[in-house]
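Colleague: Pasting in a structure now, in structure tokens, and then I'll have a few things to ask.
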Amino acid sequence: MYEWIAKLNAVPFIKFFLMTTFSYSDPKSTEVSENPILLPSILELSREKLALAVIDMGEKTFRSTQLWRSLYRERVLSFDDISTLSKSFRQRLNETYSISPLSKSMFLTSSDSSTSKALYRLNDGELIESVLMRYETDGHRRNRKTACISTQAGCALGCTFCATGQQGFRRNLTVGEIVAQVIELDRIAYKEDQVQVVEGKRTKGELQGVTNVVFMGMGEPLANYDNVMASIKVLNDAQGLNIGARHITLSTVGLVPQILKLAEEALQINLAISLHAPDNVTRSQTMPVNRRYPVEELIRACHKYADLTNRRIFFEYVLLKEQNDSIDQARKLGRLLNGLHCHVNLIPVNPTKQGPFERTDLQSAKEFQGGLKQYGIPSTIRMEKGIDINAGCGQLRERAVDILGT
Ligand code: SAH
Ligand code: SF4
């Protein structure tokens, strides 16, 4: 265990993670394991590539459909568990592939059981974080479980309020590494549902596992465009996880060319833009990307996106005390977004160890909201629930997941 921590301490992000997660107030559970994986993950194969690989192994095409369903629908942990396949085929699969490219290094559940954070080790030793959020039925919405997933190990964009941004870029995640985060969390979520059905707390119709996915973890999804698009295709697949596009949200720092490209994809996913300031001077102070894609250009791209997709855009606005939270800035934001079909989520910052920012208090957040209202811009204040367990995480936060109510 101590050797494990010492190894992790060599990685700056993890050092940060350890500092923060071990200061959780009374986490309900902690799990630590080591599980080196050497073979390539079968989750790296698209449906088409899997079909070809199965034929290459001398099997009939329909076997690939069985295999796909077992991997993504039944969430098998081992090829040996796929009883529909012959023993010899399972043996060949065992010799050629592993299933998950992730090994769980740590798993923490908050004391109120609403949130679990997982730390996964990738085959090359990189470490990423994913979060499972559980929401009870709240009158007008069904109960749901949201997976918040990472798309890169680290991030190159260097936003000054962001824990990942402060740690730099390591590498893009592969399709398998992205999708596997959902599968891992789905397996946990589904098991919990099963227990609740037995306990009579949930109907059989509510055996759903993960219902929503947000790309709001470590990294910039649109900087890993192709792998993120391929992973959405896998998440969507009706024979597999079957997560509808409208239940998927992608958050971007605002990479204009990729936003325009995404608009052409004709996907029904939700798009969230991390705006965090109403003008170039303020935005460039905390988000270096603004020098490349300034506010006006970004908003122009958002108009195009909304026109082409007919979808409302979500704006994330992290409230940084005395940096971007004045009433004048609220009005400026209102003017900027006027005429755009959008919703603004106001999020008092989750202070990070290295970041210089403090949270805006609720009263000031309400005043900011009032400023936006003058321009008819709808907004919601997302006060973090359970700050005790999420404090300092800086990336995969319950609040961020809550932003879009997904
Ligand atoms: N790179 C993407 C997605 C990952 S970050 C993006 O920037 O949009 C997901 C969201 O968390 C973004 O809106 C980001 O600005 C926000 N965020 C980062 N650090 C935060 C912090 N310390 N407190 C609150 N929100 C934060
Ligand atoms: Fe990267 Fe998003 Fe963090 Fe900015 S907020 S550094 S884009 S992960």
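In the structure tokens, each chain is lettered A, B, ... as it comes, each chain's residues begin at 1, and ligands are numbered from 1 in order of appearance.
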Using backbone DSSP assignments, extract all strand (DSSP E or B) residues from segment 111-241 of chain A; output them as a ChimeraX atom specification.

Modeller: /A:115-122,127-135,144-148,152-154,169-172,212-215

Colleague: Go ahead and dump the residues you just picked, C-alpha atoms, as a compact mmCIF listing (two decimals), in the first residue's frame.

Modeller:
# COMPACT_ATOMS: atom_id res chain seq x y z
CA THR A 115 -21.15 9.99 -5.34
CA SER A 116 -18.35 7.55 -6.08
CA LYS A 117 -15.00 8.52 -7.47
CA ALA A 118 -12.83 5.97 -9.20
CA LEU A 119 -9.16 6.27 -9.98
CA TYR A 120 -8.12 4.04 -12.87
CA ARG A 121 -4.67 3.01 -13.98
CA LEU A 122 -4.14 2.62 -17.73
CA LEU A 127 -3.96 7.53 -14.10
CA ILE A 128 -7.40 8.94 -14.77
CA GLU A 129 -10.43 9.71 -12.70
CA SER A 130 -14.13 8.97 -13.28
CA VAL A 131 -17.19 9.71 -11.17
CA LEU A 132 -20.54 8.03 -10.70
CA MET A 133 -23.39 10.26 -9.55
CA ARG A 134 -26.66 8.89 -8.21
CA TYR A 135 -29.82 10.99 -8.36
CA ARG A 144 -30.79 8.42 -12.88
CA LYS A 145 -27.12 7.64 -12.67
CA THR A 146 -24.56 9.74 -14.47
CA ALA A 147 -21.03 8.74 -15.39
CA CYS A 148 -18.59 11.66 -15.61
CA GLN A 152 -7.37 12.75 -21.82
CA ALA A 153 -4.78 12.03 -19.17
CA GLY A 154 -4.13 15.63 -18.12
CA PHE A 169 -1.00 17.22 -20.72
CA ARG A 170 -0.01 13.54 -20.69
CA ARG A 171 -1.86 11.91 -23.62
CA ASN A 172 -5.16 11.32 -25.38
CA ASN A 212 -26.38 9.46 -18.58
CA VAL A 213 -22.82 10.27 -19.57
CA VAL A 214 -21.04 13.61 -19.30
CA PHE A 215 -17.67 14.28 -20.90

Colleague: Which residues are close to Leu77 of chain A, i.e. within 12 Å by only C-alpha atoms, leaving aside same-chain residues fewer than 6 positions away? Reply as a list in words.

Modeller: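 Non-adjacent residues within range: Ile42, Ser70, Leu71, Asn94, Ser98, Ile99, Ser100, Pro101, Leu102, Ser103, Ala180, Ile183, Glu184 and Arg187 of chain A.
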
Colleague: Pull C-alpha atoms from the residues just selected and write them as a PDB file, in the first residue's frame.

Modeller:
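File written: part09.pdb
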ATOM      1  CA  ILE A  42     -10.968  -5.780 -27.147  1.00  0.00           C
ATOM      2  CA  SER A  70     -21.751  -9.782 -23.926  1.00  0.00           C
ATOM      3  CA  LEU A  71     -19.145  -7.043 -23.663  1.00  0.00           C
ATOM      4  CA  ASN A  94      -8.209 -15.064 -23.875  1.00  0.00           C
ATOM      5  CA  SER A  98      -8.018  -8.457 -22.427  1.00  0.00           C
ATOM      6  CA  ILE A  99     -11.426  -6.908 -21.788  1.00  0.00           C
ATOM      7  CA  SER A 100     -10.976  -3.676 -19.853  1.00  0.00           C
ATOM      8  CA  PRO A 101      -7.918  -1.469 -20.446  1.00  0.00           C
ATOM      9  CA  LEU A 102      -8.438  -0.029 -16.969  1.00  0.00           C
ATOM     10  CA  SER A 103      -7.485  -1.373 -13.609  1.00  0.00           C
ATOM     11  CA  ALA A 180     -14.387   1.344 -20.413  1.00  0.00           C
ATOM     12  CA  ILE A 183     -18.711   0.101 -18.542  1.00  0.00           C
ATOM     13  CA  GLU A 184     -16.905  -0.047 -15.188  1.00  0.00           C
ATOM     14  CA  ARG A 187     -21.384  -2.521 -13.791  1.00  0.00           C
TER      15      ARG A 187
END

Colleague: Can you pull out every residue from segment 3-206 of chain A that DSSP, working from the backbone, puts in alpha helix (DSSP H), and format the result as a VMD selection string?

Modeller: chain A and resid 3 to 9 12 to 21 47 to 56 62 to 72 87 to 96 175 to 198

Colleague: Kindly provide, as a VMD selection string, all nucleotide and amino acid residues lying within 6 Å of ligand 2, counting only C-alpha atoms and all ligand atoms.

Modeller: chain A and resid 155 157 to 159 162 164 to 165 218 to 220 253

Colleague: Show me, as a tab-separated table, the residues of chain A having an atom within 8 Å of ligand 1, each with the closest atom pair and its distance in Å, using only C-alpha atoms and all ligand atoms.

Modeller:
residue	atom	partner	partner_atom_place_in_ligand_line	distance
A:Ser150	CA	ligand 1	4 (C)	7.7
A:Cys155	CA	ligand 1	1 (N)	7.4
A:Leu157	CA	ligand 1	1 (N)	7.9
A:Cys159	CA	ligand 1	15 (O)	7.5
A:Phe161	CA	ligand 1	22 (N)	5.0
A:Cys162	CA	ligand 1	19 (N)	3.5
A:Ala163	CA	ligand 1	19 (N)	6.1
A:Thr164	CA	ligand 1	19 (N)	7.5
A:Gly165	CA	ligand 1	19 (N)	7.9
A:Phe215	CA	ligand 1	3 (C)	6.3
A:Met216	CA	ligand 1	4 (C)	4.0
A:Gly217	CA	ligand 1	4 (C)	4.9
A:Met218	CA	ligand 1	4 (C)	5.6
A:Gly219	CA	ligand 1	1 (N)	4.9
A:Glu220	CA	ligand 1	1 (N)	3.6
A:Pro221	CA	ligand 1	1 (N)	6.3
A:Leu250	CA	ligand 1	3 (C)	7.4
A:Ser251	CA	ligand 1	8 (O)	4.2
A:Thr252	CA	ligand 1	8 (O)	3.7
A:Val253	CA	ligand 1	7 (O)	4.0
A:Gly254	CA	ligand 1	8 (O)	7.4
A:Ala272	CA	ligand 1	8 (O)	7.0
A:Ile273	CA	ligand 1	8 (O)	6.1
A:Ser274	CA	ligand 1	13 (O)	4.4
A:Leu275	CA	ligand 1	13 (O)	7.6
A:His276	CA	ligand 1	15 (O)	7.2
A:Glu316	CA	ligand 1	13 (O)	5.2
A:Tyr317	CA	ligand 1	13 (O)	7.0
A:Val318	CA	ligand 1	25 (N)	5.6
A:Ile347	CA	ligand 1	24 (C)	6.3
A:Pro348	CA	ligand 1	24 (C)	6.6
A:Val349	CA	ligand 1	23 (N)	3.9
A:Asn350	CA	ligand 1	23 (N)	3.7
A:Pro351	CA	ligand 1	22 (N)	5.2
A:Thr352	CA	ligand 1	22 (N)	5.6
A:Gly355	CA	ligand 1	22 (N)	7.8
A:Gly392	CA	ligand 1	22 (N)	7.2
A:Cys393	CA	ligand 1	22 (N)	7.3
A:Gly394	CA	ligand 1	22 (N)	3.9
A:Gln395	CA	ligand 1	19 (N)	5.1
A:Leu396	CA	ligand 1	9 (C)	7.2
A:Arg397	CA	ligand 1	11 (O)	7.5
A:Arg399	CA	ligand 1	24 (C)	7.8
A:Ala400	CA	ligand 1	11 (O)	5.7

Colleague: Give me, as a PDB file with C-alpha atoms, in the first residue's frame, all polymer residues having an atom no more than 10 Å from Phe368 of chain A, counting only C-alpha atoms and skipping those fewer than 6 positions away in the same chain.

Modeller:
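Written out: out-v2.pdb:
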ATOM      1  CA  LEU A 319     -17.991  32.109 -10.563  1.00  0.00           C
ATOM      2  CA  ASN A 324     -15.760  37.470 -13.160  1.00  0.00           C
ATOM      3  CA  ASP A 325     -18.714  37.766 -10.772  1.00  0.00           C
ATOM      4  CA  SER A 326     -19.686  41.467 -10.757  1.00  0.00           C
ATOM      5  CA  ILE A 327     -23.139  42.651 -11.745  1.00  0.00           C
ATOM      6  CA  ASP A 328     -21.618  44.571 -14.665  1.00  0.00           C
ATOM      7  CA  GLN A 329     -20.055  41.355 -15.927  1.00  0.00           C
ATOM      8  CA  ALA A 330     -23.432  39.642 -15.578  1.00  0.00           C
ATOM      9  CA  ARG A 331     -25.035  42.297 -17.778  1.00  0.00           C
ATOM     10  CA  LEU A 333     -22.790  38.288 -20.407  1.00  0.00           C
ATOM     11  CA  LEU A 346     -23.515  29.442 -12.653  1.00  0.00           C
ATOM     12  CA  LEU A 362     -24.793  32.528  -2.812  1.00  0.00           C
ATOM     13  CA  SER A 379     -29.719  30.428 -15.669  1.00  0.00           C
ATOM     14  CA  ILE A 381     -27.045  28.403  -9.748  1.00  0.00           C
TER      15      ILE A 381
END

Colleague: Report the distance between atom CA of Ala223 of chain A and atom CA of Asn290 of chain A in Å, rounded to one decimal place.

Modeller: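 Separation between atom CA of Ala223 of chain A and atom CA of Asn290 of chain A: 15.0 Å.
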
Colleague: If I take atom CA of Asp124 of chain A and atom CA of Gln167 of chain A, how far is one from the other in Å, to one decimal?

Modeller: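 Atom-to-atom, atom CA of Asp124 of chain A and atom CA of Gln167 of chain A are spaced 18.0 Å apart.
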
Colleague: Excluding segment 242-247 of chain A and residues on its chain fewer than 5 positions from it, collect all residues at most 10 Å away from it, counting only C-alpha atoms, and give them as a PyMOL selection string.

Modeller: chain A and resi 72-73+146+210-214+232-237+267-270+405-406

Colleague: When distances are computed from only C-alpha atoms, which of A:Leu308, A:Ile299, A:Leu271, A:Ile377 shows the smallest separation from Asn338 of chain A?

Modeller: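 Looking only at the distances to Asn338 of chain A, the closest residue turns out to be A:Ile377.
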
Colleague: Report, in Å to a single decimal, how far apart atom CA of Glu48 of chain A and atom CA of Glu95 of chain A are.

Modeller: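 Atom-to-atom, atom CA of Glu95 of chain A and atom CA of Glu48 of chain A are spaced 21.0 Å apart.
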